[in-house]
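Trainee: Got a structure for you, written out below as structure tokens; questions coming shortly.
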Amino acid sequence: MHAGHEHRGQFSSKLGFIFAAAGSAIGLGNIWRFPYITGQNGGAAFVVIYLLAVALICLPYLFGELALGRRTQRNPVGAIQAIRPNSPWVGVGALGVITGFFILSYYGVIAGWTFGYIFKTLFHNTVPFESFIANPWLAVPLLGLFLLFTVLVVYGGIQNGIERWSKILMPLLLFLILLLIVRSVTLPGASKGLVFYLQPDFSKINGQVILAALGQAFFSLSLGMGAMVTYGSYLSKKDNMVTSGVSVAIFDTSIALLAGLMIFPALFALGEAPDAGPKLVFITLPKIFAQLPFGTIIGAAFFLLLSIAALTSTISLLEVAVSYLVDEKRKPRKIAVWMVGGATFLLGVPSALSQGAVASLSELSFFKGKSFLDLMDFIWGNVSLALGALMLSLFIGWVWGIDRALEEINEGSGFMNRSLPGLSITYGKLWGIFIKYITPIIIAVVLLNVFQSF
Ligand code: PHE
């Protein structure tokens, strides 16, 4: 018998689940990744595709991951194993575990910069961002430190405590974002940024842009690698998974949209290029802080809160691999945590060194001169999540079966039995069509399109 609910515990309330899942979803993906990917992919038109991807692909698919997790009470590998033992499908779960591990390796690098920026801001250190991240004596220890925080939280089982804290701290982060938006949009020249961010130019859309939007939507909602399967396993049968899932998606998407509104007007007002890539947010934000009274305190507080948001995401990334080792490989939890944490650190070192410290990692000739970190982010944070979601949809739709999945979703809800307004088709039936056909076909077309252009 696998250790299911006994050792993992359940959230005491539906709100507990929402905080944990929103904690996983809201992180650097919203504030660091969303603006830079939007900037690289042409602005407003990308945002439109992103919103469509969230509503039409990610949300239906999210219910699938949650249902799979709550039904089987397992990590992604165990969940598939429980439904179709020893089949090649188990490899899909394994891909998820590996993807989480790789994402954590470079996510930890960015989280380390964020943490370092608390002190850089506080002590008025004037080293430019480029030199800061190119310094191996900063980048590598900061990665190690951030992973150590993550390990200690998961190790000590104080995750719940952190999530409770973040329900006080995240509204504070939201408040600071709103404040920065006010400053950003009132800077002279900000309107060009608003146009870039809000006025779609659809001629900018191509296959690459659509993959970037889809990948970003999966990344931001922590989908495609089983994190939400794992969190679904913590939901109680009484919880309404439809309203919980919708709340998480709305929170997450709102924070991303607001982050864009904070960055782009300031960016254009200050005459920076929107396609600067991963460094975008780190270059723009300090310039907004400099324009504010109490800018030092506000800036340091912002990076502190962002570090905590990143921590609730790294916890979930580590948790997927740890719960796999605990459930399936019978590793004691404490050993699994240190094993995964240590391996992630080693794997993260090349990413940490790829921002100028080591030239051969910083400019990959086969990847348009971009860095090793960019390469990791593209492969694992984009393609692999999309591929994982494609295969998990097929698994849920065709192997586990729509009826069984719907039965699980409906437990505590009943929403899927309702009919669409004015139509005789139920939401459940429509959901089944999405999971079986529409979602996998769209993801496959987008992926094929991109691979052809390589
Ligand atoms: N969703 C997180 C963020 O936006 C990152 C993440 C991706 C976490 C995948 C877990 C799984 O920062």
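Residue numbering restarts at 1 for every chain of the structure tokens, chains are lettered A, B, ... in their displayed order, and ligands are numbered from 1 as they appear.
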Could you list the protein, DNA and RNA residues that have any atom within 6 Å of ligand 1, counting only C-alpha atoms and all ligand atoms, and write them as a list in words?
Mentor: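 Answer in the requested format: Ser24, Ala25, Ile26, Gly27, Leu28, Gly29, Asn30, Phe219, Ser220, Leu221, Ser222, Leu223, Ala227, Ser313, Ser316 and Leu317 of chain A.
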Trainee: Which neighbours of Ile255 (chain A) fall inside 12 Å, counting only C-alpha atoms, when residues of the same chain fewer than 6 positions from it are skipped, and could you give them as a list of chain:residue names?
Mentor: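 In the requested format, the answer is A:Ala22, A:Gly23, A:Ala25, A:Ile26, A:Gly27, A:Leu28, A:Gly29, A:Asn30, A:Ile31, A:Trp32, A:Phe34, A:Pro35, A:Met170, A:Pro171, A:Leu173, A:Leu174, A:Phe175, A:Leu176, A:Ile177, A:Leu178, A:Ile181, A:Ser220, A:Leu221, A:Val248, A:Ala249, A:Leu261, A:Met262, A:Leu306, A:Ala309.
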Trainee: Could you save those same residues with C-alpha atoms as an mmCIF file, in the first residue's frame?
Mentor:
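Writing done, so here's out13.cif:
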```cif
data_model
loop_
_atom_site.group_PDB
_atom_site.id
_atom_site.type_symbol
_atom_site.label_atom_id
_atom_site.label_comp_id
_atom_site.auth_asym_id
_atom_site.auth_seq_id
_atom_site.Cartn_x
_atom_site.Cartn_y
_atom_site.Cartn_z
ATOM 1 C CA ALA A 22 -2.037 29.875 -5.591
ATOM 2 C CA GLY A 23 1.288 29.957 -3.761
ATOM 3 C CA ALA A 25 1.206 29.321 -9.213
ATOM 4 C CA ILE A 26 2.088 32.875 -8.201
ATOM 5 C CA GLY A 27 5.813 33.451 -8.311
ATOM 6 C CA LEU A 28 8.585 34.587 -10.585
ATOM 7 C CA GLY A 29 6.477 33.312 -13.479
ATOM 8 C CA ASN A 30 4.095 36.212 -13.015
ATOM 9 C CA ILE A 31 6.493 39.009 -12.205
ATOM 10 C CA TRP A 32 9.759 38.042 -13.860
ATOM 11 C CA PHE A 34 5.460 37.088 -17.916
ATOM 12 C CA PRO A 35 6.735 40.636 -18.636
ATOM 13 C CA MET A 170 0.791 38.239 -0.804
ATOM 14 C CA PRO A 171 -1.864 40.941 -0.404
ATOM 15 C CA LEU A 173 2.896 42.304 -2.554
ATOM 16 C CA LEU A 174 -0.266 43.101 -4.484
ATOM 17 C CA PHE A 175 -0.469 46.446 -2.713
ATOM 18 C CA LEU A 176 3.120 47.301 -3.667
ATOM 19 C CA ILE A 177 2.442 46.299 -7.269
ATOM 20 C CA LEU A 178 -0.552 48.659 -7.348
ATOM 21 C CA ILE A 181 1.646 50.820 -11.292
ATOM 22 C CA SER A 220 2.440 30.337 -14.627
ATOM 23 C CA LEU A 221 -0.303 27.971 -13.470
ATOM 24 C CA VAL A 248 -6.423 29.999 -8.507
ATOM 25 C CA ALA A 249 -6.437 30.781 -12.228
ATOM 26 C CA LEU A 261 1.089 47.135 -16.207
ATOM 27 C CA MET A 262 3.791 47.921 -13.677
ATOM 28 C CA LEU A 306 8.876 38.482 -4.358
ATOM 29 C CA ALA A 309 6.354 34.314 -3.615
#
```
Trainee: Rank nothing, just name the residue among A:Pro85, A:Leu423, A:Leu148, A:Leu390 nearest to Gly224 (chain A), using only C-alpha atoms.
Mentor: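 Closest residue, counting only C-alpha atoms: A:Leu390.
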Trainee: Would you pick out the contacts of Lys167 (chain A) at 12 Å or less, using only C-alpha atoms, so that residues sharing its chain but fewer than 5 positions from it are not included, and give the list as a VMD selection string?
Mentor: chain A and resid 15 to 23 26 160 to 162 172 to 174 305 308 to 309 312
Trainee: Could you name the residues that touch region 277-286 of chain A at 7 Å or less, counting only C-alpha atoms, but leaving out those on the same chain fewer than 5 positions away, as a count of residues only?
Mentor: 8
Trainee: Measuring atom to atom with only C-alpha atoms, identify which of A:Phe63, A:Ile57, A:Lys120, A:Phe218 is nearest to Ile441 (chain A).
Mentor: A:Ile57
Trainee: Work out how far CA of Thr253 (chain A) is from CA of Leu387 (chain A), in Å to one decimal.
Mentor: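 Between CA of Leu387 (chain A) and CA of Thr253 (chain A) the gap works out to 21.7 Å.
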Trainee: For Ala190 (chain A), which residue out of A:Ala44, A:Leu270, A:Ile103, A:Val151 is the nearest one, using only C-alpha atoms?
Mentor: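 Counting only C-alpha atoms, the residue closest to Ala190 (chain A) is A:Leu270.
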Trainee: In terms of the shortest atom-to-atom distance over only C-alpha atoms, which of A:Pro76, A:Pro188, A:Gly422, A:Gly157 is closest to Gly100 (chain A)?
Mentor: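 Among the listed residues, the smallest separation from Gly100 (chain A) belongs to A:Pro76.
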Trainee: With only C-alpha atoms as the atoms that count, which of A:Ala269, A:Ala45, A:Ala55, A:Leu147 lies nearest to Asn206 (chain A)?
Mentor: A:Ala45
Trainee: So what do you get for CA of Gly432 (chain A) versus CA of Asn382 (chain A), distance-wise?
Mentor: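 Distance between the two atoms: 24.8 Å.
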Trainee: Do you know which residues are at most 7 Å from region 228-241 of chain A counting only C-alpha atoms, after dropping those on the same chain fewer than 5 positions away, and could you put them as an mmCIF file with all heavy atoms, in the first residue's frame?
Mentor:
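Printed below is part_3.cif as written:
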```cif
data_model
loop_
_atom_site.group_PDB
_atom_site.id
_atom_site.type_symbol
_atom_site.label_atom_id
_atom_site.label_comp_id
_atom_site.auth_asym_id
_atom_site.auth_seq_id
_atom_site.Cartn_x
_atom_site.Cartn_y
_atom_site.Cartn_z
ATOM 1 N N GLY A 9 -1.378 14.357 4.852
ATOM 2 C CA GLY A 9 -2.317 15.275 5.482
ATOM 3 C C GLY A 9 -3.126 16.011 4.448
ATOM 4 O O GLY A 9 -2.765 16.053 3.268
ATOM 5 N N GLN A 10 -4.246 16.555 4.877
ATOM 6 C CA GLN A 10 -5.067 17.309 3.945
ATOM 7 C C GLN A 10 -5.189 18.724 4.454
ATOM 8 O O GLN A 10 -5.000 18.985 5.632
ATOM 9 C CB GLN A 10 -6.457 16.684 3.871
ATOM 10 C CG GLN A 10 -6.565 15.738 2.707
ATOM 11 C CD GLN A 10 -7.872 15.000 2.695
ATOM 12 O OE1 GLN A 10 -8.754 15.262 3.506
ATOM 13 N NE2 GLN A 10 -8.001 14.086 1.780
ATOM 14 N N PHE A 11 -5.517 19.612 3.536
ATOM 15 C CA PHE A 11 -5.722 20.973 3.994
ATOM 16 C C PHE A 11 -6.992 21.024 4.811
ATOM 17 O O PHE A 11 -7.972 20.367 4.484
ATOM 18 C CB PHE A 11 -5.809 21.913 2.801
ATOM 19 C CG PHE A 11 -4.497 22.066 2.129
ATOM 20 C CD1 PHE A 11 -4.243 21.460 0.919
ATOM 21 C CD2 PHE A 11 -3.497 22.787 2.746
ATOM 22 C CE1 PHE A 11 -3.001 21.582 0.320
ATOM 23 C CE2 PHE A 11 -2.259 22.919 2.141
ATOM 24 C CZ PHE A 11 -2.014 22.309 0.927
ATOM 25 N N LYS A 14 -10.977 24.411 2.262
ATOM 26 C CA LYS A 14 -10.808 24.691 0.861
ATOM 27 C C LYS A 14 -9.863 25.879 0.670
ATOM 28 O O LYS A 14 -9.057 25.908 -0.245
ATOM 29 C CB LYS A 14 -12.184 25.013 0.287
ATOM 30 C CG LYS A 14 -12.177 25.344 -1.160
ATOM 31 C CD LYS A 14 -13.593 25.530 -1.637
ATOM 32 C CE LYS A 14 -13.628 26.590 -2.690
ATOM 33 N NZ LYS A 14 -14.988 26.971 -3.039
ATOM 34 N N PHE A 17 -6.264 24.893 0.544
ATOM 35 C CA PHE A 17 -5.822 24.421 -0.759
ATOM 36 C C PHE A 17 -5.581 25.597 -1.704
ATOM 37 O O PHE A 17 -4.577 25.659 -2.400
ATOM 38 C CB PHE A 17 -6.842 23.453 -1.385
ATOM 39 C CG PHE A 17 -6.637 23.295 -2.859
ATOM 40 C CD1 PHE A 17 -5.650 22.443 -3.332
ATOM 41 C CD2 PHE A 17 -7.365 24.046 -3.772
ATOM 42 C CE1 PHE A 17 -5.406 22.329 -4.692
ATOM 43 C CE2 PHE A 17 -7.129 23.937 -5.132
ATOM 44 C CZ PHE A 17 -6.148 23.079 -5.594
ATOM 45 N N ALA A 21 -2.121 26.199 -3.617
ATOM 46 C CA ALA A 21 -2.055 26.115 -5.073
ATOM 47 C C ALA A 21 -1.750 27.486 -5.669
ATOM 48 O O ALA A 21 -0.962 27.604 -6.611
ATOM 49 C CB ALA A 21 -3.361 25.555 -5.639
ATOM 50 N N GLU A 65 -5.871 17.663 -13.984
ATOM 51 C CA GLU A 65 -4.757 17.358 -13.067
ATOM 52 C C GLU A 65 -5.257 17.231 -11.630
ATOM 53 O O GLU A 65 -4.866 16.314 -10.902
ATOM 54 C CB GLU A 65 -3.647 18.432 -13.146
ATOM 55 C CG GLU A 65 -2.671 18.218 -14.272
ATOM 56 C CD GLU A 65 -1.297 18.919 -14.055
ATOM 57 O OE1 GLU A 65 -0.944 19.280 -12.915
ATOM 58 O OE2 GLU A 65 -0.577 19.092 -15.059
ATOM 59 N N LEU A 66 -6.129 18.155 -11.222
ATOM 60 C CA LEU A 66 -6.634 18.110 -9.839
ATOM 61 C C LEU A 66 -7.415 16.827 -9.588
ATOM 62 O O LEU A 66 -7.266 16.177 -8.549
ATOM 63 C CB LEU A 66 -7.517 19.335 -9.548
ATOM 64 C CG LEU A 66 -6.805 20.690 -9.490
ATOM 65 C CD1 LEU A 66 -7.817 21.817 -9.258
ATOM 66 C CD2 LEU A 66 -5.738 20.718 -8.402
ATOM 67 N N ALA A 67 -8.249 16.446 -10.573
ATOM 68 C CA ALA A 67 -9.077 15.244 -10.401
ATOM 69 C C ALA A 67 -8.194 14.003 -10.292
ATOM 70 O O ALA A 67 -8.417 13.141 -9.436
ATOM 71 C CB ALA A 67 -10.049 15.109 -11.573
ATOM 72 N N LEU A 68 -7.187 13.948 -11.133
ATOM 73 C CA LEU A 68 -6.273 12.792 -11.116
ATOM 74 C C LEU A 68 -5.587 12.689 -9.749
ATOM 75 O O LEU A 68 -5.451 11.604 -9.182
ATOM 76 C CB LEU A 68 -5.234 12.976 -12.223
ATOM 77 C CG LEU A 68 -4.315 11.804 -12.543
ATOM 78 C CD1 LEU A 68 -5.115 10.596 -12.996
ATOM 79 C CD2 LEU A 68 -3.314 12.194 -13.642
ATOM 80 N N GLY A 69 -5.188 13.824 -9.220
ATOM 81 C CA GLY A 69 -4.515 13.828 -7.922
ATOM 82 C C GLY A 69 -5.448 13.451 -6.782
ATOM 83 O O GLY A 69 -5.098 12.668 -5.916
ATOM 84 N N ARG A 70 -6.673 14.004 -6.786
ATOM 85 C CA ARG A 70 -7.569 13.716 -5.669
ATOM 86 C C ARG A 70 -8.023 12.261 -5.720
ATOM 87 O O ARG A 70 -8.139 11.603 -4.694
ATOM 88 C CB ARG A 70 -8.769 14.660 -5.663
ATOM 89 C CG ARG A 70 -9.596 14.466 -4.397
ATOM 90 C CD ARG A 70 -10.641 15.533 -4.203
ATOM 91 N NE ARG A 70 -11.729 15.389 -5.151
ATOM 92 C CZ ARG A 70 -12.814 16.176 -5.165
ATOM 93 N NH1 ARG A 70 -12.935 17.160 -4.298
ATOM 94 N NH2 ARG A 70 -13.754 15.988 -6.057
ATOM 95 N N GLN A 73 -4.657 10.108 -4.926
ATOM 96 C CA GLN A 73 -3.890 10.487 -3.719
ATOM 97 C C GLN A 73 -2.391 10.239 -3.887
ATOM 98 O O GLN A 73 -1.732 9.784 -2.972
ATOM 99 C CB GLN A 73 -4.407 9.710 -2.497
ATOM 100 C CG GLN A 73 -5.822 10.049 -2.116
ATOM 101 C CD GLN A 73 -5.907 11.436 -1.486
ATOM 102 O OE1 GLN A 73 -5.121 11.798 -0.634
ATOM 103 N NE2 GLN A 73 -6.864 12.231 -1.929
ATOM 104 N N ARG A 74 -1.870 10.509 -5.065
ATOM 105 C CA ARG A 74 -0.461 10.219 -5.313
ATOM 106 C C ARG A 74 0.240 11.382 -6.003
ATOM 107 O O ARG A 74 -0.373 12.293 -6.500
ATOM 108 C CB ARG A 74 -0.313 9.018 -6.271
ATOM 109 C CG ARG A 74 -1.023 7.784 -5.887
ATOM 110 C CD ARG A 74 -0.194 6.959 -4.918
ATOM 111 N NE ARG A 74 -1.055 5.920 -4.359
ATOM 112 C CZ ARG A 74 -1.311 4.772 -4.972
ATOM 113 N NH1 ARG A 74 -0.770 4.498 -6.119
ATOM 114 N NH2 ARG A 74 -2.114 3.894 -4.416
ATOM 115 N N ASN A 75 1.554 11.207 -6.141
ATOM 116 C CA ASN A 75 2.386 12.063 -6.987
ATOM 117 C C ASN A 75 2.080 11.683 -8.447
ATOM 118 O O ASN A 75 1.424 10.665 -8.694
ATOM 119 C CB ASN A 75 3.850 11.805 -6.632
ATOM 120 C CG ASN A 75 4.232 10.388 -6.978
ATOM 121 O OD1 ASN A 75 4.569 10.081 -8.118
ATOM 122 N ND2 ASN A 75 4.119 9.475 -6.022
ATOM 123 N N PRO A 76 2.566 12.456 -9.429
ATOM 124 C CA PRO A 76 2.201 12.161 -10.823
ATOM 125 C C PRO A 76 2.565 10.755 -11.305
ATOM 126 O O PRO A 76 1.782 10.145 -12.041
ATOM 127 C CB PRO A 76 2.955 13.223 -11.629
ATOM 128 C CG PRO A 76 3.737 14.027 -10.679
ATOM 129 C CD PRO A 76 3.287 13.728 -9.302
ATOM 130 N N SER A 222 1.582 26.493 -13.026
ATOM 131 C CA SER A 222 2.256 25.278 -12.526
ATOM 132 C C SER A 222 1.648 24.010 -13.121
ATOM 133 O O SER A 222 1.438 23.023 -12.426
ATOM 134 C CB SER A 222 2.176 25.184 -10.989
ATOM 135 O OG SER A 222 2.661 26.330 -10.380
ATOM 136 N N LEU A 223 1.351 24.043 -14.421
ATOM 137 C CA LEU A 223 0.708 22.892 -15.061
ATOM 138 C C LEU A 223 1.663 22.155 -15.978
ATOM 139 O O LEU A 223 2.672 22.703 -16.417
ATOM 140 C CB LEU A 223 -0.478 23.365 -15.904
ATOM 141 C CG LEU A 223 -1.679 23.888 -15.126
ATOM 142 C CD1 LEU A 223 -2.721 24.434 -16.095
ATOM 143 C CD2 LEU A 223 -2.286 22.787 -14.260
ATOM 144 N N VAL A 320 7.272 17.866 -5.769
ATOM 145 C CA VAL A 320 6.880 16.844 -6.761
ATOM 146 C C VAL A 320 7.920 15.724 -6.785
ATOM 147 O O VAL A 320 7.580 14.541 -6.681
ATOM 148 C CB VAL A 320 6.703 17.459 -8.167
ATOM 149 C CG1 VAL A 320 6.489 16.380 -9.219
ATOM 150 C CG2 VAL A 320 5.519 18.407 -8.177
ATOM 151 N N ILE A 409 -14.486 15.122 -10.559
ATOM 152 C CA ILE A 409 -14.611 16.588 -10.555
ATOM 153 C C ILE A 409 -15.929 17.000 -9.908
ATOM 154 O O ILE A 409 -16.012 17.968 -9.158
ATOM 155 C CB ILE A 409 -14.523 17.152 -11.993
ATOM 156 C CG1 ILE A 409 -13.155 16.846 -12.598
ATOM 157 C CG2 ILE A 409 -14.765 18.662 -12.005
ATOM 158 C CD1 ILE A 409 -13.012 17.262 -14.046
ATOM 159 N N GLU A 411 -17.619 15.527 -7.645
ATOM 160 C CA GLU A 411 -17.709 15.299 -6.216
ATOM 161 C C GLU A 411 -17.395 16.600 -5.482
ATOM 162 O O GLU A 411 -16.313 17.153 -5.615
ATOM 163 C CB GLU A 411 -16.705 14.224 -5.810
ATOM 164 C CG GLU A 411 -16.924 13.755 -4.416
ATOM 165 C CD GLU A 411 -16.887 12.236 -4.327
ATOM 166 O OE1 GLU A 411 -16.642 11.559 -5.348
ATOM 167 O OE2 GLU A 411 -17.107 11.746 -3.254
ATOM 168 N N GLY A 412 -18.376 17.087 -4.738
ATOM 169 C CA GLY A 412 -18.183 18.366 -4.047
ATOM 170 C C GLY A 412 -18.564 19.549 -4.922
ATOM 171 O O GLY A 412 -18.470 20.692 -4.502
ATOM 172 N N SER A 413 -18.928 19.297 -6.181
ATOM 173 C CA SER A 413 -19.283 20.406 -7.055
ATOM 174 C C SER A 413 -20.634 20.199 -7.752
ATOM 175 O O SER A 413 -21.651 20.717 -7.322
ATOM 176 C CB SER A 413 -18.189 20.627 -8.092
ATOM 177 O OG SER A 413 -18.642 21.463 -9.115
#
```
Trainee: Within 12 Å of Asp374 (chain A), counting only C-alpha atoms, which residues qualify if same-chain residues fewer than 3 places away don't, as a CSV table (one decimal) with C-alpha atoms, in the first residue's frame?
Mentor:
```
chain,number,residue,atom,x,y,z
A,33,ARG,CA,8.8,35.7,-16.7
A,36,TYR,CA,9.9,39.5,-20.3
A,37,ILE,CA,8.2,36.9,-22.5
A,103,ILE,CA,12.8,24.0,-13.8
A,106,TYR,CA,17.3,27.6,-13.1
A,107,TYR,CA,14.3,29.0,-11.2
A,109,VAL,CA,19.1,31.0,-10.0
A,110,ILE,CA,16.5,33.8,-10.6
A,277,GLY,CA,14.9,39.1,-22.0
A,278,PRO,CA,15.2,37.7,-18.5
A,279,LYS,CA,17.0,40.8,-17.2
A,350,PRO,CA,25.8,26.0,-15.2
A,351,SER,CA,22.7,28.2,-15.3
A,352,ALA,CA,24.1,30.4,-12.6
A,354,SER,CA,25.6,31.4,-17.8
A,355,GLN,CA,25.1,35.1,-17.2
A,361,LEU,CA,27.7,29.1,-21.3
A,362,SER,CA,26.6,32.6,-21.8
A,363,GLU,CA,26.4,32.7,-25.5
A,364,LEU,CA,25.3,29.4,-27.1
A,367,PHE,CA,20.6,28.9,-29.6
A,368,LYS,CA,20.7,32.3,-31.3
A,369,GLY,CA,23.5,33.4,-29.0
A,370,LYS,CA,21.3,33.1,-25.9
A,371,SER,CA,22.4,31.7,-22.6
A,377,ASP,CA,13.8,27.8,-19.7
A,378,PHE,CA,12.8,27.1,-23.3
A,379,ILE,CA,13.2,23.4,-23.1
A,380,TRP,CA,11.8,22.7,-19.6
A,381,GLY,CA,9.7,25.8,-18.9
A,382,ASN,CA,8.0,25.8,-22.3
```
